[in-house]
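*Asks:* Before we start, here is the structure in question, set down as structure tokens.
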2 protein chains.
Amino acid sequence: MSEVIDALVNALGSQVRIGPDIPARNHADAGGLAPTPPSALILPQTTEDVSAALRICHAHRQSVVTQGGLTGLAGGAHPQAGEIALSLERMSGIEEIDPASATLTALAGTPLAMIQQAADEAGFLCGIDLGARGTCTIGGNIATNAGGNQVLRYGMARRNTLGLEVVLADGTVVRSLNKMLKNNAGYDWTQLFIGSEGTLGVVTRAVIGLHPKPLGLQTALCAVASFEDALVVLRQFQQKHPGRLLVFEAMWREFMTVATQICGLPPAFEDEHDVTLLIEADMGEDPEGTDAFSLLLSEFYERNLIKDAVIAQSRADRNRFWAYRETPYEYGRFLPEEIRFDVSVPLDRMAEAVAHLRQEMPKQWPDAVYVVFGHVADSNIHINVAISDMSDDIKKGVQSLVYSLVSGMGGSISAEHGIGRIKRPYLSMSRTEPELALMATMKQALDPAGILNPGRVL
Amino acid sequence: MSEVIDALVNALGSQVRIGPDIPARNHADAGGLAPTPPSALILPQTTEDVSAALRICHAHRQSVVTQGGLTGLAGGAHPQAGEIALSLERMSGIEEIDPASATLTALAGTPLAMIQQAADEAGFLCGIDLGARGTCTIGGNIATNAGGNQVLRYGMARRNTLGLEVVLADGTVVRSLNKMLKNNAGYDWTQLFIGSEGTLGVVTRAVIGLHPKPLGLQTALCAVASFEDALVVLRQFQQKHPGRLLVFEAMWREFMTVATQICGLPPAFEDEHDVTLLIEADMGEDPEGTDAFSLLLSEFYERNLIKDAVIAQSRADRNRFWAYRETPYEYGRFLPEEIRFDVSVPLDRMAEAVAHLRQEMPKQWPDAVYVVFGHVADSNIHINVAISDMSDDIKKGVQSLVYSLVSGMGGSISAEHGIGRIKRPYLSMSRTEPELALMATMKQALDPAGILNPGRVL
């Protein structure tokens with residue numbers, strides 16, 4: 001071990017930290033695993049530094065865990081004993097905004113919020129957005145193919161990434177800082193690295209496509225009697241106002257009960273309803289757009305498709321509506337230990353999936369508090385289950401229930417959070433043998449020594 | 001050779017054709033290379049047939065060229081002597097439309113137009129559209145990451161593909177008929193096959209994401225004084241009406257001159273203008289949308305951003321406007337031999353690129369007729385150059401001019417048509433050594449015997 005660290009110190013000097021000089025923050029990511037100090041921490045400042053570091057680690061068959069903002073929930077950036085951490089935190093900065101191409105080029109360690117702000121100041125919108133925006137980095141967003149609340153409109157990180165610079169396991173730098181929507185000159189190799197959770201290469205720089213800024217944001221909370229009705233609302237809204245919907249979040253009855261009775265928010269509506277929807281649309285800056293939004297909701301109400309609705313008249317209203325959706329961030333204060341799931345289910349099976357949970361949860365764990373909510377337009381739901389005195393056996397039982405359900409319906413055990421270390425044992429529930437073999441072929445081809453994020457994903 | 005054909009006939013019977021039983025259409029694609037009969041033609045009816053065929057070819061190290069609708073312009077599906085052609089034409093049919101998920105599942109050999117029609121009948125729109133829609137197949141569209149006129153709104157084939165079934169070089173079937181917008185369970189291996197022109201595997205089945213149907217299509221021809229003004233029109237339209245623009249095609253002055261003076265169309269406007277734009281937007285079904293479209297164009301006119309404009313009042317008007325854009329399909333009747341380019345150029349260099357062509361073309365080839373037009377919002381332009389008595393030397397000179405220009409500006413030598421055999425010698429003008437090496441690594445990992453579409457792309 002000391003031989004490789006010597007070589008790294010020799011090449012990179014004070015960019016290499018060991019022992020007590022490694023900050024505690026680099027001992028863990030947000031996945032909840034037990035903090036583990038890496039053998040060394042490398043803090044490169046340039047792509048060439050990353051290249052030098054990987055070249056040395058590759059020569060020594062030294063495992064490397066790449067770290068961005070450390071906000072991942074799947075343990076992908078969490079060090080294992082004996083690994084060297086490579087943190088991109090010092091490679092931060094926006095290098096260019098090109099208004100003609102509507103692109104932004106940034107170093108991988110740039111926090112997402114900084115990119116969002118720069119885009120905003122240039123008159124554009126960054127289509128990637130998620131709760132961890134202040135801390136997560138664009139490199140991590142790309143490595144995990146991050147999702148979020150506006151995927152419906154702007155797609156996941158994959159769709160927003162036009163160009164990449166990547167350092168391969170052996171230190172080779174591959175660069176295509178493409179700004180163009182169309183480029184079919186050979187394989188689009190950048191796709192390999194998006195969503196591969198740092199196991200195939202280290203993202204060091206990216207070109208992000210920007211979007212026009214929404215000028216007529218409308219927000220509403222709507223109550224519907226069933227998920228089937230929610231789907232009709234979704235498809236008819238999209239049909240009537242194509243391209244306008246930004247957010248379509250569903251919160252099932254149990255979620256709203258926890259929000260009001262446990263987290264202390266006021267009831268959203270007088271009556272209880274099976275599903276509450278948080279809808280946002282960009283209706284354009286003309287007042288006709290605002291009118292069209294409320295008109296369509298009224299029409300849905302008259303047709304009994306929605307049972308009740310409130311439309312935000314102010315920023316304060318909007319914050320009040322979002323507060324429901326954001327209650328899960330507060331669960332730690334109110335609920336016993338939770339297991340959180342981030343799964344996707346084909347939309348035609350979604351109602352059935354929720355019905356199954358509602359039947360099985362109380363039967364198997366009578367005191368479980370469980371909620372279902374999420375980005376349903378993307379087929380993505382989150383399921384949080386809180387149980388007092390959660391034992392490993394209970395945990396396994398709950399995981400088995402949820403993953404079997406999702407797997408049986410052709411869904412995914414990870415919609416947006418990735419696999420990392422934590423969900424790795426379950427990957428085969430969403431992927432067939434030939435798929436896993438193909439993934440292993442890709443890994444073997446790109447990282448034959450297996451030094452990059454070993455034990456993550458595969 | 002006869003040994004592998006014997007084995008194929010043994011396994012697949014009358015699905016294998018040889019000699020005069022191979023139709024002439026399978027001797028060539030639309031790239032213009034000299035027709036070459038393959039050693040045999042396989043016409044599989046199922047994925048299992050494709051698998052059996054590839055297993056045998058792999059064992060015999062027999063090269064295979066995969067054929068879809070044979071409309072490709074880069075020679076990717078054009079047989080080379082000694083190759084066996086694998087045509088997916090009998091694997092045609094739509095297997096499912098899932099309105100809840102807004103997806104369509106089809107066999108790879110299904111013609112695009114059939115998919116578009118099925119989507120339409122189910123109340124949706126297929127986002128993939130191109131001129132060859134009647135003949136090209138969805139498998140070919142995916143294998144080449146097809147573009148087209150509406151990429152601006154719906155993206156290329158990549159963005160519209162949610163799930164794939166692929167047969168690998170050794171006959172292994174890999175399947176992820178995913179219908180969900182979010183699925184981060186392991187590597188998204190489907191990305192490997194999209195746009196790799198059949199060199200990494202054979203697409204046999206696909207899940208296509210569908211879109212809401214445009215209900216308020218508005219079409220206009222607008223004249224602008226410069227490409228810079230066209231860009232302002234583009235960005236301000238997108239800002240004012242986000243998500244509405246479907247088509248934003250530019251036709252430079254020389255293009256309109258050929259359309260009117262050679263192809264015989266009436267002048268679009270009284271005066272000549274540097275750039276004519278064909279704009280289409282889906283303004284929604286409410287009359288306010290129609291008004292907003294003409295209102296915004298009027299505003300651009302008043303601000304002197306557009307010099308003249310006509311808005312289609314009928315289907316006939318729309319056809320009349322599109323007729324300009326479609327004149328290149330008629331060039332064969334009016335012009336000497338052409339070289340056609342499909343390149344992309346970053347938008348901030350586009351005006352400069354056209355200015356350079358205008359300076360160099362007449363200087364080097366005084367009698368050249370050249371036109372520039374295309375999907376500029378996607379950075380994609382087509383350049384057609386017709387020269388009487390085109391010699392190989394002239395051809396090379398023109399190619400050198402265009403590719404050097406594009407390469408020097410960080411553009412791409414192939415925006416949407418792919419590389420195939422025809423552009424393979426030029427790939428290194430758009431890709432660096434490390435990129436080409438990475439592509440070779442991918443090829444080696446997935447097709448170590450090199451039997452799939454050899455000599456295409458790489």
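A note on labels: chains of the structure tokens are A, B, ... as shown, every chain counts residues from 1, and ligands are counted from 1 in their shown order.
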Tell me which protein, DNA and RNA residues are within 7 Å of Ser414 (chain B), counting only C-alpha atoms, leaving out same-chain ones fewer than 4 positions away, and put them as a list in words.

*Replies:* Asn183, Asn184 and Ala185 of chain A; Asp342, Val343, Ser344, Gly418 and Ile419 of chain B

*Asks:* For the selection you just gave me, I'd like the residues written to a file as a compact mmCIF listing (two decimals), in the first residue's frame, keeping N, CA and C atoms.

*Replies:*
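Everything below was put into part27.txt:
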# COMPACT_ATOMS: atom_id res chain seq x y z
N ASN A 183 -24.81 14.50 -33.56
CA ASN A 183 -23.44 14.12 -33.87
C ASN A 183 -23.37 12.60 -33.97
N ASN A 184 -23.51 12.08 -35.16
CA ASN A 184 -23.47 10.63 -35.38
C ASN A 184 -22.15 10.18 -35.99
N ALA A 185 -21.07 10.85 -35.61
CA ALA A 185 -19.75 10.45 -36.11
C ALA A 185 -19.20 9.35 -35.21
N ASP B 342 -23.71 15.90 -44.78
CA ASP B 342 -24.61 15.96 -43.62
C ASP B 342 -23.71 16.23 -42.43
N VAL B 343 -23.49 17.49 -42.15
CA VAL B 343 -22.50 17.83 -41.12
C VAL B 343 -23.15 18.64 -40.01
N SER B 344 -22.47 18.71 -38.89
CA SER B 344 -22.94 19.67 -37.89
C SER B 344 -21.80 20.60 -37.51
N GLY B 418 -24.81 9.00 -40.20
CA GLY B 418 -23.90 7.94 -39.77
C GLY B 418 -22.62 7.90 -40.59
N ILE B 419 -21.80 6.92 -40.30
CA ILE B 419 -20.47 6.80 -40.92
C ILE B 419 -20.45 5.71 -41.99

*Asks:* When DSSP works through the backbone of this structure, what residues of region 220-457 of chain B end up as strand (DSSP E or B), shown as a ChimeraX atom specification?

*Replies:* /B:220-224,245-252,275-282,308-311,338-344,369-374,380-386,412,452

*Asks:* Write out, as a tab-separated table, each residue of chain A that has an atom at most 7 Å from chain B, together with the closest pair of atoms and their distance in Å to one decimal, counting only C-alpha atoms, rows going by chain and rising number.

*Replies:*
residue	atom	partner	partner_atom	distance
A:Ala100	CA	B:Asp348	CA	5.2
A:Ser101	CA	B:Leu347	CA	5.2
A:Val174	CA	B:Pro434	CA	5.5
A:Lys179	CA	B:Pro346	CA	6.3
A:Met180	CA	B:Ser379	CA	5.6
A:Leu181	CA	B:Asp378	CA	4.9
A:Lys182	CA	B:Ala415	CA	5.0
A:Asn183	CA	B:Ala415	CA	4.4
A:Asn184	CA	B:Ala415	CA	5.1
A:Ala185	CA	B:Ser414	CA	5.0
A:Gly186	CA	B:Val457	CA	5.8
A:Tyr187	CA	B:Ser196	CA	5.3
A:Trp189	CA	B:Met439	CA	6.9
A:Gln191	CA	B:Gln191	CA	6.2
A:Gly195	CA	B:Tyr187	CA	6.4
A:Ser196	CA	B:Tyr187	CA	5.3
A:Pro212	CA	B:Gln239	CA	5.0
A:Lys213	CA	B:Gln239	CA	6.4
A:Gln238	CA	B:Pro212	CA	6.1
A:Gln239	CA	B:Pro212	CA	5.0
A:Lys240	CA	B:Gly284	CA	6.3
A:His241	CA	B:Gly284	CA	5.9
A:Pro242	CA	B:Pro212	CA	6.4
A:Gly243	CA	B:Gly243	CA	4.8
A:Arg244	CA	B:Gly243	CA	6.7
A:Gly284	CA	B:His241	CA	5.9
A:Glu285	CA	B:Lys240	CA	6.8
A:Ser344	CA	B:Lys182	CA	6.8
A:Pro346	CA	B:Met180	CA	6.0
A:Leu347	CA	B:Ser101	CA	5.2
A:Asp348	CA	B:Ala100	CA	5.3
A:Asp378	CA	B:Leu181	CA	4.9
A:Ser379	CA	B:Met180	CA	5.6
A:Asn380	CA	B:Lys182	CA	6.5
A:Ser412	CA	B:Asn183	CA	5.9
A:Ile413	CA	B:Ala185	CA	6.4
A:Ser414	CA	B:Ala185	CA	5.0
A:Ala415	CA	B:Asn183	CA	4.4
A:Glu416	CA	B:Asn184	CA	5.3
A:His417	CA	B:Asn184	CA	6.9
A:Gly418	CA	B:Asn184	CA	5.2
A:Ile419	CA	B:Ala185	CA	6.1
A:Leu427	CA	B:Ala185	CA	6.5
A:Ser430	CA	B:Ala185	CA	6.7
A:Pro434	CA	B:Val174	CA	5.5
A:Glu435	CA	B:Val174	CA	5.9
A:Met439	CA	B:Tyr187	CA	6.4
A:Thr441	CA	B:Ala445	CA	6.6
A:Ala445	CA	B:Ala445	CA	5.9
A:Val457	CA	B:Gly186	CA	5.8

*Asks:* Could you state the separation of CA of Ile422 (chain A) and CA of Ile84 (chain A) in Å, given to one decimal place?

*Replies:*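 CA of Ile84 (chain A) lies 19.4 Å from CA of Ile422 (chain A).
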
*Asks:* Could you build a table of the residues in region 309-356 of chain A lying no more than 8 Å from region 387-396 of chain A, giving for each the nearest pair of atoms and their separation in Å rounded to one decimal place, using only C-alpha atoms, ordered by chain and ascending residue number, as CSV?

*Replies:*
residue,atom,partner,partner_atom,distance
A:Pro336,CA,A:Ser388,CA,5.3
A:Glu337,CA,A:Ile387,CA,6.1
A:Glu338,CA,A:Ile387,CA,6.6
A:Ile339,CA,A:Lys395,CA,7.3

*Asks:* With all heavy atoms kept, could you save the residues just selected as a CSV table (one decimal), in the first residue's frame?

*Replies:*
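selection.csv was written with the following content:
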chain,number,residue,atom,x,y,z
A,336,PRO,N,-39.9,6.5,13.5
A,336,PRO,CA,-38.8,5.6,13.7
A,336,PRO,C,-38.0,5.3,12.5
A,336,PRO,O,-38.2,5.8,11.4
A,336,PRO,CB,-39.5,4.3,14.2
A,336,PRO,CG,-40.9,4.4,13.7
A,336,PRO,CD,-41.2,5.9,13.6
A,337,GLU,N,-37.0,4.4,12.6
A,337,GLU,CA,-36.1,4.1,11.5
A,337,GLU,C,-36.8,3.7,10.2
A,337,GLU,O,-37.8,3.0,10.3
A,337,GLU,CB,-35.1,3.0,11.9
A,337,GLU,CG,-33.9,2.9,10.9
A,337,GLU,CD,-33.1,1.6,11.2
A,337,GLU,OE1,-33.2,1.1,12.3
A,337,GLU,OE2,-32.3,1.3,10.3
A,338,GLU,N,-36.3,4.2,9.1
A,338,GLU,CA,-37.0,4.0,7.8
A,338,GLU,C,-36.2,3.2,6.9
A,338,GLU,O,-35.0,3.3,6.9
A,338,GLU,CB,-37.2,5.4,7.1
A,338,GLU,CG,-38.3,6.2,7.6
A,338,GLU,CD,-38.1,7.5,6.8
A,338,GLU,OE1,-37.4,8.4,7.2
A,338,GLU,OE2,-38.7,7.6,5.7
A,339,ILE,N,-36.9,2.5,6.0
A,339,ILE,CA,-36.2,2.0,4.8
A,339,ILE,C,-36.8,2.8,3.6
A,339,ILE,O,-38.1,3.0,3.6
A,339,ILE,CB,-36.5,0.5,4.5
A,339,ILE,CG1,-36.5,-0.3,5.8
A,339,ILE,CG2,-35.5,-0.1,3.5
A,339,ILE,CD1,-36.8,-1.8,5.5

*Asks:* Out of region 99-158 of chain A, which residues get helix (DSSP H, G or I) from DSSP, as a ChimeraX atom specification?

*Replies:* /A:112-121,138-143,151-154,157-158

*Asks:* Take the selection from the previous step and output its residues with N, CA and C atoms, as a compact mmCIF listing (two decimals), in the first residue's frame.

*Replies:*
# COMPACT_ATOMS: atom_id res chain seq x y z
N LEU A 112 -24.09 21.51 -8.50
CA LEU A 112 -25.21 21.71 -9.41
C LEU A 112 -25.82 23.09 -9.25
N ALA A 113 -25.96 23.56 -8.01
CA ALA A 113 -26.59 24.86 -7.78
C ALA A 113 -25.83 25.99 -8.46
N MET A 114 -24.51 25.85 -8.51
CA MET A 114 -23.69 26.88 -9.15
C MET A 114 -23.96 26.90 -10.67
N ILE A 115 -24.16 25.73 -11.21
CA ILE A 115 -24.48 25.61 -12.64
C ILE A 115 -25.87 26.17 -12.91
N GLN A 116 -26.80 25.84 -12.05
CA GLN A 116 -28.17 26.36 -12.21
C GLN A 116 -28.17 27.88 -12.18
N GLN A 117 -27.39 28.43 -11.26
CA GLN A 117 -27.36 29.89 -11.13
C GLN A 117 -26.71 30.56 -12.33
N ALA A 118 -25.62 29.97 -12.79
CA ALA A 118 -24.94 30.54 -13.96
C ALA A 118 -25.85 30.48 -15.19
N ALA A 119 -26.56 29.37 -15.34
CA ALA A 119 -27.49 29.23 -16.46
C ALA A 119 -28.57 30.31 -16.35
N ASP A 120 -29.08 30.47 -15.16
CA ASP A 120 -30.14 31.46 -14.92
C ASP A 120 -29.65 32.87 -15.27
N GLU A 121 -28.45 33.20 -14.83
CA GLU A 121 -27.92 34.54 -15.09
C GLU A 121 -27.71 34.77 -16.59
N ILE A 138 -21.98 18.22 -10.64
CA ILE A 138 -22.44 17.84 -11.98
C ILE A 138 -21.80 16.51 -12.42
N GLY A 139 -20.57 16.27 -11.99
CA GLY A 139 -19.92 15.00 -12.32
C GLY A 139 -20.67 13.82 -11.71
N GLY A 140 -21.08 13.99 -10.45
CA GLY A 140 -21.86 12.96 -9.78
C GLY A 140 -23.22 12.79 -10.42
N ASN A 141 -23.84 13.90 -10.80
CA ASN A 141 -25.14 13.85 -11.47
C ASN A 141 -25.05 13.02 -12.75
N ILE A 142 -23.96 13.22 -13.49
CA ILE A 142 -23.79 12.50 -14.76
C ILE A 142 -23.43 11.04 -14.50
N ALA A 143 -22.52 10.83 -13.55
CA ALA A 143 -22.10 9.45 -13.25
C ALA A 143 -23.27 8.60 -12.78
N VAL A 151 -37.90 15.66 -14.65
CA VAL A 151 -37.49 14.71 -15.69
C VAL A 151 -38.54 14.62 -16.80
N LEU A 152 -39.78 14.70 -16.38
CA LEU A 152 -40.91 14.72 -17.30
C LEU A 152 -40.70 15.71 -18.44
N ARG A 153 -40.13 16.87 -18.11
CA ARG A 153 -39.95 17.92 -19.09
C ARG A 153 -38.57 17.91 -19.73
N TYR A 154 -37.54 17.73 -18.91
CA TYR A 154 -36.18 17.92 -19.40
C TYR A 154 -35.36 16.63 -19.49
N ALA A 157 -30.20 13.22 -16.38
CA ALA A 157 -28.90 13.82 -16.69
C ALA A 157 -28.43 13.41 -18.09
N ARG A 158 -28.73 12.16 -18.49
CA ARG A 158 -28.30 11.68 -19.81
C ARG A 158 -28.73 12.62 -20.92
